[in-house]
$ cat upload.cif   # mmCIF, C-alpha atoms
data_final
loop_
_atom_site.label_atom_id
_atom_site.label_comp_id
_atom_site.auth_asym_id
_atom_site.auth_seq_id
_atom_site.Cartn_x
_atom_site.Cartn_y
_atom_site.Cartn_z
CA MET A 1 12.88 2.33 -41.88
CA ASN A 2 12.20 -1.12 -40.39
CA GLN A 3 15.52 -1.06 -38.60
CA ASN A 4 14.68 2.30 -36.94
CA ILE A 5 11.38 0.96 -35.66
CA ALA A 6 13.09 -2.12 -34.24
CA GLN A 7 15.72 0.05 -32.52
CA ASN A 8 13.07 2.35 -31.04
CA GLU A 9 11.15 -0.60 -29.73
CA ALA A 10 14.28 -2.02 -28.10
CA VAL A 11 14.96 1.30 -26.33
CA LEU A 12 11.37 1.55 -25.07
CA ASN A 13 11.40 -2.03 -23.80
CA GLU A 14 14.62 -1.45 -21.90
CA ALA A 15 13.31 1.75 -20.32
CA ALA A 16 10.12 -0.02 -19.27
CA THR A 17 11.88 -2.83 -17.42
CA GLN A 18 14.28 -0.48 -15.61
CA GLN A 19 11.63 1.64 -13.89
CA GLN A 20 8.38 -0.18 -13.32
CA PRO A 21 5.58 2.11 -12.13
CA ALA A 22 5.10 2.22 -8.38
CA LEU A 23 2.95 3.92 -5.76
CA ALA A 24 4.52 6.56 -3.56
CA PRO A 25 3.87 5.57 0.07
CA PRO A 26 2.71 8.30 2.49
CA VAL A 27 5.38 9.21 5.05
CA ASP A 28 5.73 11.05 8.35
CA VAL A 29 9.15 12.65 8.90
CA ILE A 30 10.00 13.97 12.36
CA GLU A 31 13.28 15.66 13.20
CA ASP A 32 14.58 15.96 16.73
CA ALA A 33 17.89 17.13 18.16
CA SER A 34 19.74 13.90 17.41
CA GLY A 35 18.32 12.78 14.09
CA ILE A 36 15.38 12.09 11.83
CA THR A 37 12.67 9.44 12.22
CA LEU A 38 10.77 8.45 9.10
CA TYR A 39 7.59 6.35 9.10
CA ALA A 40 6.32 4.95 5.79
CA ASP A 41 3.10 3.04 5.15
CA LEU A 42 3.91 -0.05 3.07
CA PRO A 43 0.95 -2.36 3.64
CA GLY A 44 1.32 -5.77 2.02
CA VAL A 45 5.13 -5.74 1.93
CA PRO A 46 6.82 -8.56 3.87
CA ARG A 47 10.36 -8.14 5.20
CA ASP A 48 11.93 -10.11 2.36
CA ARG A 49 10.38 -7.84 -0.29
CA LEU A 50 11.63 -4.59 1.21
CA ASP A 51 14.65 -2.90 -0.34
CA ILE A 52 16.24 0.12 1.37
CA ARG A 53 19.36 1.61 -0.06
CA VAL A 54 21.56 4.62 0.43
CA GLU A 55 23.58 5.71 -2.58
CA GLY A 56 25.63 8.83 -1.96
CA ASP A 57 23.18 11.20 -0.35
CA GLN A 58 20.08 9.52 -1.76
CA LEU A 59 17.89 7.21 0.29
CA SER A 60 15.54 4.97 -1.65
CA ILE A 61 12.77 2.80 -0.28
CA GLU A 62 11.22 0.16 -2.48
CA GLY A 63 8.82 -2.64 -1.61
CA GLU A 64 6.81 -5.29 -3.45
CA MET A 65 3.43 -6.33 -2.14
CA GLN A 66 2.66 -9.94 -1.56
CA LEU A 67 -1.05 -10.62 -1.10
CA PRO A 68 -2.79 -13.95 -0.63
CA MET A 69 -4.02 -15.27 -3.98
CA ARG A 70 -7.29 -17.01 -4.70
CA ASP A 71 -8.14 -19.10 -7.72
CA GLY A 72 -10.34 -17.28 -10.20
CA LEU A 73 -10.20 -13.95 -8.36
CA GLU A 74 -11.68 -11.09 -10.41
CA GLY A 75 -11.33 -7.50 -9.29
CA THR A 76 -14.61 -5.65 -8.71
CA HIS A 77 -13.35 -2.53 -6.95
CA ALA A 78 -9.69 -1.54 -6.91
CA GLU A 79 -8.27 1.49 -5.13
CA ILE A 80 -4.71 0.13 -5.23
CA THR A 81 -3.74 -0.82 -8.76
CA LEU A 82 0.03 -1.33 -8.61
CA PRO A 83 1.88 -3.98 -6.60
CA ARG A 84 4.91 -1.84 -5.77
CA TYR A 85 5.92 1.11 -3.60
CA ARG A 86 8.85 3.40 -4.26
CA ARG A 87 10.01 6.67 -2.78
CA VAL A 88 13.34 8.45 -2.89
CA PHE A 89 14.72 11.12 -0.55
CA ASN A 90 17.80 13.32 -0.59
CA LEU A 91 19.56 13.26 2.74
CA SER A 92 21.23 16.46 3.88
CA ARG A 93 24.91 16.42 4.81
CA GLU A 94 24.50 16.50 8.56
CA LEU A 95 22.74 13.12 8.56
CA ASP A 96 24.88 10.03 9.09
CA SER A 97 23.67 7.83 6.22
CA GLU A 98 25.86 4.93 7.35
CA LYS A 99 23.98 4.53 10.60
CA VAL A 100 20.43 4.15 9.22
CA ALA A 101 18.38 1.74 11.36
CA ALA A 102 15.25 0.19 9.88
CA GLU A 103 12.33 -1.78 11.27
CA LEU A 104 9.31 -3.14 9.36
CA ARG A 105 6.27 -4.15 11.34
CA ASP A 106 2.65 -4.64 10.23
CA GLY A 107 3.35 -2.79 7.00
CA VAL A 108 4.90 0.26 8.68
CA LEU A 109 8.57 1.00 8.02
CA THR A 110 10.35 2.98 10.73
CA LEU A 111 13.72 4.46 9.76
CA ARG A 112 16.00 6.23 12.16
CA ILE A 113 18.76 8.38 10.66
CA PRO A 114 20.99 9.96 13.28
CA LYS A 115 22.79 13.23 12.77
CA ALA A 116 26.54 12.93 12.29
CA GLU A 117 28.66 13.48 15.40
CA HIS A 118 29.90 16.84 14.29
CA ALA A 119 26.36 18.01 13.56
CA GLN A 120 24.87 17.20 16.95
CA PRO A 121 23.88 20.40 18.74
CA ARG A 122 26.37 21.37 21.39
CA ARG A 123 25.82 24.09 23.82
CA ILE A 124 28.79 26.37 24.18
CA SER A 125 29.15 27.71 27.66
CA VAL A 126 30.07 31.32 27.95
CA GLN A 127 32.85 32.06 30.38
CA ALA A 128 32.64 35.18 32.46
CA GLY A 129 35.40 37.83 32.20
CA MET B 130 2.14 7.53 -18.93
CA ALA B 131 3.21 4.01 -19.81
CA ILE B 132 0.68 1.26 -19.22
CA TYR B 133 2.30 -1.42 -17.13
CA ARG B 134 1.87 -4.93 -18.53
CA THR B 135 2.72 -7.70 -16.16
CA PRO B 136 4.29 -10.84 -17.68
CA PHE B 137 2.13 -12.91 -15.31
CA SER B 138 -1.27 -12.63 -16.92
CA ARG B 139 -3.14 -14.50 -14.23
CA ASN B 140 -2.09 -12.44 -11.21
CA LEU B 141 -4.19 -10.30 -8.94
CA PHE B 142 -2.89 -6.96 -10.13
CA ALA B 143 -3.38 -7.56 -13.83
CA GLU B 144 -7.04 -8.11 -12.98
CA PHE B 145 -7.30 -4.90 -10.95
CA ASP B 146 -5.49 -2.92 -13.61
CA ARG B 147 -7.87 -4.13 -16.30
CA LEU B 148 -10.82 -3.14 -14.14
CA ARG B 149 -9.41 0.31 -13.41
CA ARG B 150 -9.04 1.04 -17.11
CA GLU B 151 -12.58 -0.10 -17.79
CA LEU B 152 -13.93 2.11 -15.00
CA ASP B 153 -11.93 5.12 -16.19
CA GLN B 154 -13.61 4.81 -19.55
CA ALA B 155 -17.09 4.33 -18.11
CA PHE B 156 -17.21 7.25 -15.68
CA GLU B 157 -16.59 10.96 -16.15
CA LEU B 158 -14.64 12.64 -13.40
CA SER B 159 -17.05 14.22 -10.93
CA PRO B 160 -16.17 15.82 -7.61
CA SER B 161 -16.94 13.69 -4.59
CA ILE B 162 -18.28 15.49 -1.55
CA ARG B 163 -15.88 13.42 0.52
CA GLY B 164 -12.89 14.84 -1.30
CA LEU B 165 -10.27 13.33 -3.56
CA GLY B 166 -8.94 10.60 -1.31
CA THR B 167 -10.35 7.09 -1.19
CA GLY B 168 -10.36 7.10 2.60
CA PHE B 169 -8.51 4.96 5.08
CA PRO B 170 -8.06 2.09 4.84
CA THR B 171 -7.67 1.78 1.06
CA LEU B 172 -9.79 -1.08 -0.22
CA ASN B 173 -9.55 -3.64 -2.99
CA VAL B 174 -12.50 -5.96 -3.51
CA GLY B 175 -12.56 -9.03 -5.70
CA SER B 176 -14.79 -12.01 -6.20
CA THR B 177 -14.30 -15.69 -6.90
CA PRO B 178 -17.04 -18.16 -7.80
CA ARG B 179 -17.29 -19.17 -4.13
CA SER B 180 -16.43 -16.00 -2.21
CA VAL B 181 -15.98 -12.26 -2.02
CA GLU B 182 -12.48 -11.17 -1.01
CA ILE B 183 -11.80 -7.80 0.59
CA PHE B 184 -8.31 -6.38 1.16
CA ALA B 185 -8.12 -3.38 3.48
CA PHE B 186 -4.70 -1.70 3.52
CA ALA B 187 -4.43 -0.66 7.19
CA PRO B 188 -0.80 -0.72 8.31
CA GLY B 189 0.36 -0.14 11.87
CA MET B 190 -2.81 -1.36 13.58
CA ASP B 191 -3.32 -3.72 16.47
CA PRO B 192 -5.66 -6.27 14.80
CA ALA B 193 -7.60 -6.66 18.05
CA SER B 194 -8.63 -3.02 17.80
CA ILE B 195 -10.02 -3.19 14.27
CA ASP B 196 -13.79 -3.59 14.38
CA VAL B 197 -15.19 -5.71 11.53
CA GLN B 198 -18.98 -6.06 11.47
CA ILE B 199 -21.38 -7.64 9.06
CA GLU B 200 -25.06 -6.76 9.17
CA LYS B 201 -27.75 -7.20 6.53
CA GLY B 202 -25.18 -7.74 3.80
CA VAL B 203 -23.14 -4.68 4.70
CA LEU B 204 -19.57 -5.06 5.92
CA THR B 205 -18.09 -2.24 8.00
CA ILE B 206 -14.44 -1.83 8.98
CA SER B 207 -13.76 0.74 11.69
CA GLY B 208 -11.19 1.67 14.26
CA GLU B 209 -8.66 4.29 15.18
CA ARG B 210 -5.05 4.69 14.13
CA GLN B 211 -2.70 6.56 16.43
CA ALA B 212 -0.31 9.17 15.11
CA PRO B 213 3.35 8.55 16.01
CA ALA B 214 4.52 10.19 19.22
CA VAL B 215 6.31 13.46 18.53
CA PRO B 216 9.06 14.13 21.08
CA GLU B 217 9.22 17.53 22.70
CA LYS B 218 11.01 20.17 20.64
CA ALA B 219 10.81 18.02 17.51
CA THR B 220 9.78 19.32 14.08
CA VAL B 221 7.34 17.51 11.85
CA HIS B 222 8.58 17.98 8.27
CA LEU B 223 6.09 15.67 6.57
CA GLY B 224 2.84 14.38 8.00
CA GLU B 225 1.16 12.48 5.19
CA ARG B 226 0.05 9.31 6.95
CA PHE B 227 -3.52 8.97 8.08
CA ALA B 228 -4.25 9.13 11.81
CA GLY B 229 -7.55 9.15 13.68
CA ARG B 230 -10.87 7.32 13.51
CA PHE B 231 -11.82 5.53 10.32
CA HIS B 232 -14.98 3.85 9.10
CA ARG B 233 -15.39 2.17 5.71
CA VAL B 234 -18.35 0.32 4.34
CA VAL B 235 -18.56 -2.43 1.72
CA SER B 236 -21.85 -3.65 0.30
CA LEU B 237 -21.74 -7.40 -0.11
CA PRO B 238 -23.78 -9.10 -2.82
CA ASP B 239 -26.81 -11.20 -1.90
CA GLY B 240 -26.09 -14.76 -0.93
CA ILE B 241 -23.17 -14.27 1.46
CA ASP B 242 -23.20 -16.55 4.52
CA PRO B 243 -22.55 -14.18 7.48
CA ALA B 244 -21.41 -17.14 9.57
CA ALA B 245 -18.70 -17.98 7.02
CA VAL B 246 -16.67 -14.77 7.04
CA THR B 247 -13.00 -14.91 8.08
CA ALA B 248 -10.52 -12.08 8.64
CA ASN B 249 -6.73 -12.16 8.80
CA TYR B 250 -4.25 -9.36 9.41
CA ARG B 251 -0.73 -9.65 8.02
CA ASP B 252 1.92 -7.10 6.99
CA GLY B 253 -0.64 -4.36 7.55
CA VAL B 254 -3.29 -5.81 5.24
CA LEU B 255 -6.65 -6.93 6.62
CA HIS B 256 -7.90 -9.74 4.39
CA ILE B 257 -11.58 -10.58 4.75
CA SER B 258 -13.00 -13.60 2.97
CA ALA B 259 -16.79 -13.97 2.79
CA GLN B 260 -18.12 -17.29 1.49
CA ARG B 261 -21.25 -17.49 -0.58
CA LYS B 262 -24.10 -19.69 0.65
CA ASP B 263 -24.35 -22.98 -1.24
CA SER B 264 -27.76 -21.93 -2.51
CA ALA B 265 -26.16 -18.89 -4.14
CA LEU B 266 -23.62 -20.88 -6.13
CA PRO B 267 -24.27 -21.42 -9.83
CA ARG B 268 -26.00 -24.72 -10.43
CA ARG B 269 -26.41 -26.62 -13.65
CA ILE B 270 -29.98 -27.52 -14.46
CA SER B 271 -30.29 -30.76 -16.38
CA ILE B 272 -32.82 -30.98 -19.17
CA GLN B 273 -35.20 -33.94 -19.05
#
$ encode --input "upload.cif" --output "structure tokens"
Amino acid sequence: MNQNIAQNEAVLNEAATQQQPALAPPVDVIEDASGITLYADLPGVPRDRLDIRVEGDQLSIEGEMQLPMRDGLEGTHAEITLPRYRRVFNLSRELDSEKVAAELRDGVLTLRIPKAEHAQPRRISVQAG
Amino acid sequence: MAIYRTPFSRNLFAEFDRLRRELDQAFELSPSIRGLGTGFPTLNVGSTPRSVEIFAFAPGMDPASIDVQIEKGVLTISGERQAPAVPEKATVHLGERFAGRFHRVVSLPDGIDPAAVTANYRDGVLHISAQRKDSALPRRISIQ
């Protein structure tokens, strides 16, 4: 019985460290003829705490906040209660996930994902006769 | 829902998390006439023995355009955030980010020195630090 409890606890501890709770940042996603532009609000995240990855067709954005500390600071009103952002997107096939360009400025992440060459719209001219 | 416990017991977020849980227990859920959101920018307020610290999460702003005013112990943060430019013939799939005019108000406790308020903007967070007047600091009274 004691061994089962210990095993359960070990499993729960491992699960907890793998996926720490995070806030989902609000995003704007705009698609034009040549690709997709994504804007994400990540206030408090400096460049060295931002992690953007593409694994297969999944894009994940993760960022840790770094706020100035003060000795003896006690919270009196908190609307943000977690120090981490995370959001994951599935990219459709026509997007070229190898050419993702990212820029982080004043807490706003701008991602540009172009459409793959073969997926760019091409107008086919119609010959007469 | 798992309760996140940080290994660093003295950090900012452990404090805010403790407070959130206490507030959840103290108040019943009641509908706010201003809707479910907390408004833009999101605010965290904390206090130290010498100051009140306000963090306003306002990414993508030109700090010169954010208007921070203090009057009669009330701090207001206002401005306007532009929506991203949408090129012609583009489709907006998701439009979750706030855009437009904003105005948030924080009541400061008595004893704040309005001449000793500083504001910094970094990584999209506006950090306002308001120092308490010396006369408002706790003082030990010696017994004769």
$ residues_around --input "upload.cif" --residues "Arg87 of chain A" --least-positions-apart "5" --cutoff "9 Å" --atoms "only C-alpha atoms" --output "number ranges by chain"
A: 22-25, 59-62
$ atom_distance --input "upload.cif" --atom1 "atom CA of Ala265 of chain B" --atom2 "atom CA of Gly202 of chain B"
13.7 Å
$ closest_residue --input "upload.cif" --among "B:Pro243, B:Asp191, B:Ser258, B:Pro216" --to "Met69 of chain A" --atoms "all atoms listed in the file"
B:Ser258
$ closest_residue --input "upload.cif" --among "A:Ile36, A:Val29, A:Val54, A:Val126" --to "chain B" --atoms "all atoms listed in the file"
A:Val29
$ resolve_selection --input "upload.cif" --expression "the PyMOL selection byres ((chain B) within 7 of (chain A))" --output "mmCIF file with C-alpha atoms, in the coordinates of the input"
data_model
loop_
_atom_site.group_PDB
_atom_site.id
_atom_site.type_symbol
_atom_site.label_atom_id
_atom_site.label_comp_id
_atom_site.auth_asym_id
_atom_site.auth_seq_id
_atom_site.Cartn_x
_atom_site.Cartn_y
_atom_site.Cartn_z
ATOM 1 C CA TYR B 133 2.300 -1.420 -17.130
ATOM 2 C CA PHE B 142 -2.890 -6.960 -10.130
ATOM 3 C CA GLU B 144 -7.040 -8.110 -12.980
ATOM 4 C CA PHE B 145 -7.300 -4.900 -10.950
ATOM 5 C CA ASP B 146 -5.490 -2.920 -13.610
ATOM 6 C CA LEU B 148 -10.820 -3.140 -14.140
ATOM 7 C CA ARG B 149 -9.410 0.310 -13.410
ATOM 8 C CA THR B 171 -7.670 1.780 1.060
ATOM 9 C CA LEU B 172 -9.790 -1.080 -0.220
ATOM 10 C CA ASN B 173 -9.550 -3.640 -2.990
ATOM 11 C CA VAL B 174 -12.500 -5.960 -3.510
ATOM 12 C CA GLY B 175 -12.560 -9.030 -5.700
ATOM 13 C CA SER B 176 -14.790 -12.010 -6.200
ATOM 14 C CA THR B 177 -14.300 -15.690 -6.900
ATOM 15 C CA PHE B 186 -4.700 -1.700 3.520
ATOM 16 C CA ALA B 187 -4.430 -0.660 7.190
ATOM 17 C CA PRO B 188 -0.800 -0.720 8.310
ATOM 18 C CA GLY B 189 0.360 -0.140 11.870
ATOM 19 C CA LYS B 218 11.010 20.170 20.640
ATOM 20 C CA ALA B 219 10.810 18.020 17.510
ATOM 21 C CA THR B 220 9.780 19.320 14.080
ATOM 22 C CA VAL B 221 7.340 17.510 11.850
ATOM 23 C CA HIS B 222 8.580 17.980 8.270
ATOM 24 C CA LEU B 223 6.090 15.670 6.570
ATOM 25 C CA GLY B 224 2.840 14.380 8.000
ATOM 26 C CA GLU B 225 1.160 12.480 5.190
ATOM 27 C CA ARG B 226 0.050 9.310 6.950
ATOM 28 C CA ARG B 251 -0.730 -9.650 8.020
ATOM 29 C CA ASP B 252 1.920 -7.100 6.990
ATOM 30 C CA GLY B 253 -0.640 -4.360 7.550
ATOM 31 C CA VAL B 254 -3.290 -5.810 5.240
#
$ resolve_selection --input "upload.cif" --expression "the PyMOL selection byres ((chain A and resi 94) around 10)" --output "CSV table (one decimal) with C-alpha atoms, in the frame of the given file"
chain,number,residue,atom,x,y,z
A,35,GLY,CA,18.3,12.8,14.1
A,91,LEU,CA,19.6,13.3,2.7
A,92,SER,CA,21.2,16.5,3.9
A,93,ARG,CA,24.9,16.4,4.8
A,95,LEU,CA,22.7,13.1,8.6
A,96,ASP,CA,24.9,10.0,9.1
A,97,SER,CA,23.7,7.8,6.2
A,114,PRO,CA,21.0,10.0,13.3
A,115,LYS,CA,22.8,13.2,12.8
A,116,ALA,CA,26.5,12.9,12.3
A,117,GLU,CA,28.7,13.5,15.4
A,118,HIS,CA,29.9,16.8,14.3
A,119,ALA,CA,26.4,18.0,13.6
A,120,GLN,CA,24.9,17.2,17.0
$ atom_distance --input "upload.cif" --atom1 "atom CA of Asp239 of chain B" --atom2 "atom CA of Glu182 of chain B"
14.4 Å
$ atom_distance --input "upload.cif" --atom1 "atom CA of Pro238 of chain B" --atom2 "atom CA of Gly168 of chain B"
21.7 Å
